[in-house]
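Single-structure report; data block below.
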Amino acid sequence: MTSTSQAPQSGAREAHPDHLGHVIFITAAAAMGGFLFGYDSSVINGATVAIQHRFDVDADTLGWIIATALLGCAVGAAVAGRIADRIGRIRCMQIAAVLFAASAVGSALPFAAWDLTMWRLIGGIGIGMASVIGPAYIAEVAPPAYRGRLASFQQAAIVIGIAVSQLVNWGILNMADGDQRGKLAGLEAWQWMLGVMVVPALLYGLLSFIIPESPRFLVSAGRHAEAKKVLGEVEGHAIDLDARVAEIEHGLHREHKPSFKDLLGKVGFLPIVWIGIGLSVFQQLVGINVIFYYSNQLWQSIGKDPSSSFLYSFETSIVNIVGTVIAMIFVDRIGRKPLAIIGSAGMAAALFTMAWAFSYRTGSGDNVSLPNAQGLTAIIAANVFVLFFALSWGVVVWVLLGEIFPNRLRAAALGVAASAQWLANFAITKTFPSMSEWSLTGSYIVYGAFAALSIPFVMKFVKETKGKALEEMG
């Protein structure tokens with residue numbers, strides 16, 4: 001890429017790191033934030049029924065307890081960038097780790113529903129910070145030749161975190177003889193489920209003391225000698241380190257920092273910003289997080305025993321990993337739009353099938369069931385739904401959000417789109433307990449309708465970005 005103000009040429013694009021294993025370790029350590037993101041988001045799944053019984057709360061209050069973390073996410077995502085620019089990426093990770101650890105301990109030892117809600121909010125702030133700082137740090141540390149592959153570590157870590165949380169929950173439940181409120185060393189099983197998160201939180205914090213600060217931050221802070229040392233470690237000593245530092249400094253000086261006013265158009269936001277918001281909102285309105293936050297409660301509500309419901313939830317998280325790998329393989333081959341449309345069609349079919357199966361639910365209270373055929377259909381359809389989401393919208397939306405905005409708007413527009421995503425996630429998570437009491441069938445018809453509506457949205461408004469340079473986006 002050329003510009004009218006010529007930057008020093010360092011040879012970084014062609015450079016290969018001397019120690020790729022070291023670079024992979026640094027990336028994996030940073031991606032631990034993604035692991036915690038996935039783990040904390042999903043671990044509550046194993047505790048919803050027990051929390052409702054322990055604190056004797058109605059469906060609406062349960063929705064607040066679960067969904068409040070997502071409001072924290074919005075706060076964390078909003079402040080992470082500013083904190084990272086002011087005190088560094090590593091310090092931001094360490095703050096997130098402390099919030100994660102505090103949330104784990106506090107959530108495991110609550111004395112009231114509001115207390116648990118507060119600790120969920122604190123953990124959410126950590127999630128929001130990790131969701132921003134992890135990808136940013138990886139992009140800044142990864143050598144150009146390996147950036148795409150290393151950037152995928154974050155998404156892989158999220159889905160692995162979801163899977164591990166379900167496996168840990170299932171193991172704890174079995175130790176408690178299948179009772180979420182069964183006692184283990186003086187605490188109920190669900191308390192251990194939430195408390196175990198302190199282990200990966202502490203690991204994340206410890207790893208943050210081992211990995212180096214981002215060279216981009218070091219240059220911005222005037223710490224050029226440290227920046228050269230890190231660049232030598234991650235991009236190789238064959239490059240001209242002085243020129244590489246000058247290159248980064250040149251980029252920082254030329255960088256346009258967009259403001260909120262830059263995003264405004266004739267009807268609120270510019271059209272491209274509305275498209276980004278639409279992608280973010282549709283990703284959540286299909287109800288994907290209902291599966292990850294409430295699936296244990298969902299399966300128990302149709303007559304499955306707790307141990308089986310936990311196993312189904314773990315199985316679904318494995319399907320999520322498989323779908324994510326498929327998306328990583330095909331997103332650059334098939335393209336973003338075709339993959340999104342395929343995913344939307346598959347999700348809609350699966351969601352409408354789930355709605356049909358749940359219409360056969362009989363009984364009330366704790367004595368409910370589905371006929372065997374419909375119960376099996378519901379479980380298969382749920383896994384098909386997760387598979388199609390993971391191989392399409394789960395990855396494609398984040399790829400598109402990183403590509404569709406013009407350079408001068410990208411940072412600010414991404415912030416607006418990410419905030420819209422957290423708010424939509426909050427709305428779906430908060431309303432599901434009440435909606436499911438009203439009608440499980442109706443709930444999944446609503447989610448299926450949003451999946452179907454996302455098809456014409458993508459076809460009409462979303463442009464294919466495969467193979468295009470970011471500079472071509474306006």
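The way I read the labels, and the way they are meant: chains A, B, ... in the order of the structure tokens, residue 1 as the first residue of every chain, and ligand 1 as the first ligand shown, with later ones counted on from there.
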
(request) For Gly34 of chain A, list every protein, DNA or RNA residue within 7 Å, evaluated using only C-alpha atoms, and leave out those in the same chain fewer than 6 positions away; present the list as a PyMOL selection string. (result) chain A and resi 130-131+134+154-155+157-158

(request) Enumerate, as a VMD selection string, the complete set of residues in segment 94-342 of chain A that a backbone-based DSSP assignment places in helix (DSSP H, G or I). (result) chain A and resid 94 to 108 113 to 141 144 to 175 189 to 195 198 to 208 215 to 220 224 to 235 241 to 254 260 to 263 271 to 285 288 to 301 306 to 330 336 to 342

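Close contacts of Gly63 of chain A, defined as residues with an atom at most 9 Å away when counting only C-alpha atoms, with chain neighbours fewer than 5 positions off set aside, comprise A:Asp58, A:Thr68, A:Thr429, A:Lys430, A:Thr431, A:Phe432, A:Pro433, A:Ser434.
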
(message) Neighbouring residues of segment 389-400 of chain A were defined as those with any atom within 7 Å, considering only C-alpha atoms; residues of the same chain fewer than 5 positions away were excluded. Please report them as a list in words.
(response)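 Skipping anything fewer than 5 positions along the chain leaves Leu279, Ser280, Gln283, Asn320, Gly323, Thr324, Ile326, Ala327, Arg336, Leu339, Ala340, Gly343 and Met347 of chain A.
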
(message) Quick one: residues within 10 Å of segment 81-89 of chain A, only C-alpha atoms, excluding same-chain residues fewer than 4 positions away - as number ranges by chain?
(response) A: 30, 76-77, 93-95, 129, 132-134, 136-137, 208, 212-214, 216-218, 220-221, 411, 415

(request) Counting only C-alpha atoms, figure out which residue out of A:Ala47, A:Val446, A:Met354, A:Leu264 gets nearest to Ile428 of chain A. (result)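 Distance minimum relative to Ile428 of chain A lands on A:Val446.
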
(message) Residues of segment 107-262 of chain A classed as strand (DSSP E) by DSSP on the backbone are to be reported as a list in words.
(response) Lys183, Leu184, Leu187 and Glu188 of chain A

(request) Compare A:Ala185, A:Ala59, A:Met32, A:Val319 by their minimum atom-to-atom distance to Val386 of chain A, counting only C-alpha atoms, and give me the closest one. (result) A:Val319

(request) Could you tell me which of A:Ile51, A:Leu252, A:Leu20, A:Val199 comes closest to Pro143 of chain A if we count only C-alpha atoms? (result)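 Checking each of A:Ile51, A:Leu252, A:Leu20, A:Val199 against Pro143 of chain A, counting only C-alpha atoms, the winner is A:Leu20.
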
(message) Nearest residue to Gln191 of chain A out of A:Leu62, A:Val273, A:Ile44, A:Leu150, using only C-alpha atoms?
(response)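 Among the listed residues, A:Ile44 lies closest to Gln191 of chain A.
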
(message) Can you tell me which residues surround Thr27 of chain A at a distance of at most 10 Å, considering only C-alpha atoms, apart from same-chain residues fewer than 2 positions away, and format the answer as a PyMOL selection string?
(response) chain A and resi 21-25+29-32+134-135+137-139+141-142+150-154+211

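Shortest atom-to-atom contact with Tyr293 of chain A among A:Ser454, A:Thr362, A:Asn425, A:Thr353: A:Asn425, counting only C-alpha atoms.
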
(message) Counting only C-alpha atoms, which residue out of A:Phe314, A:Phe461, A:Phe55, A:Phe450 sits closest to Leu285 of chain A?
(response)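 Of A:Phe314, A:Phe461, A:Phe55, A:Phe450, the one nearest Leu285 of chain A is A:Phe450, counting only C-alpha atoms.
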
(request) Please provide the set of residues having any atom within 10 Å of Asp40 of chain A, restricted to only C-alpha atoms, with same-chain residues fewer than 3 positions apart removed, written as a PyMOL selection string. (result) chain A and resi 34-37+43-45+69+100+103-104+120+123-124+126-127+158+161-162+165+194+197+201

(request) Could you tell me how far atom CA of Ile445 of chain A lies from atom CA of Thr316 of chain A, in Å and to one decimal? (result)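 Atom-to-atom, atom CA of Ile445 of chain A and atom CA of Thr316 of chain A are spaced 20.5 Å apart.
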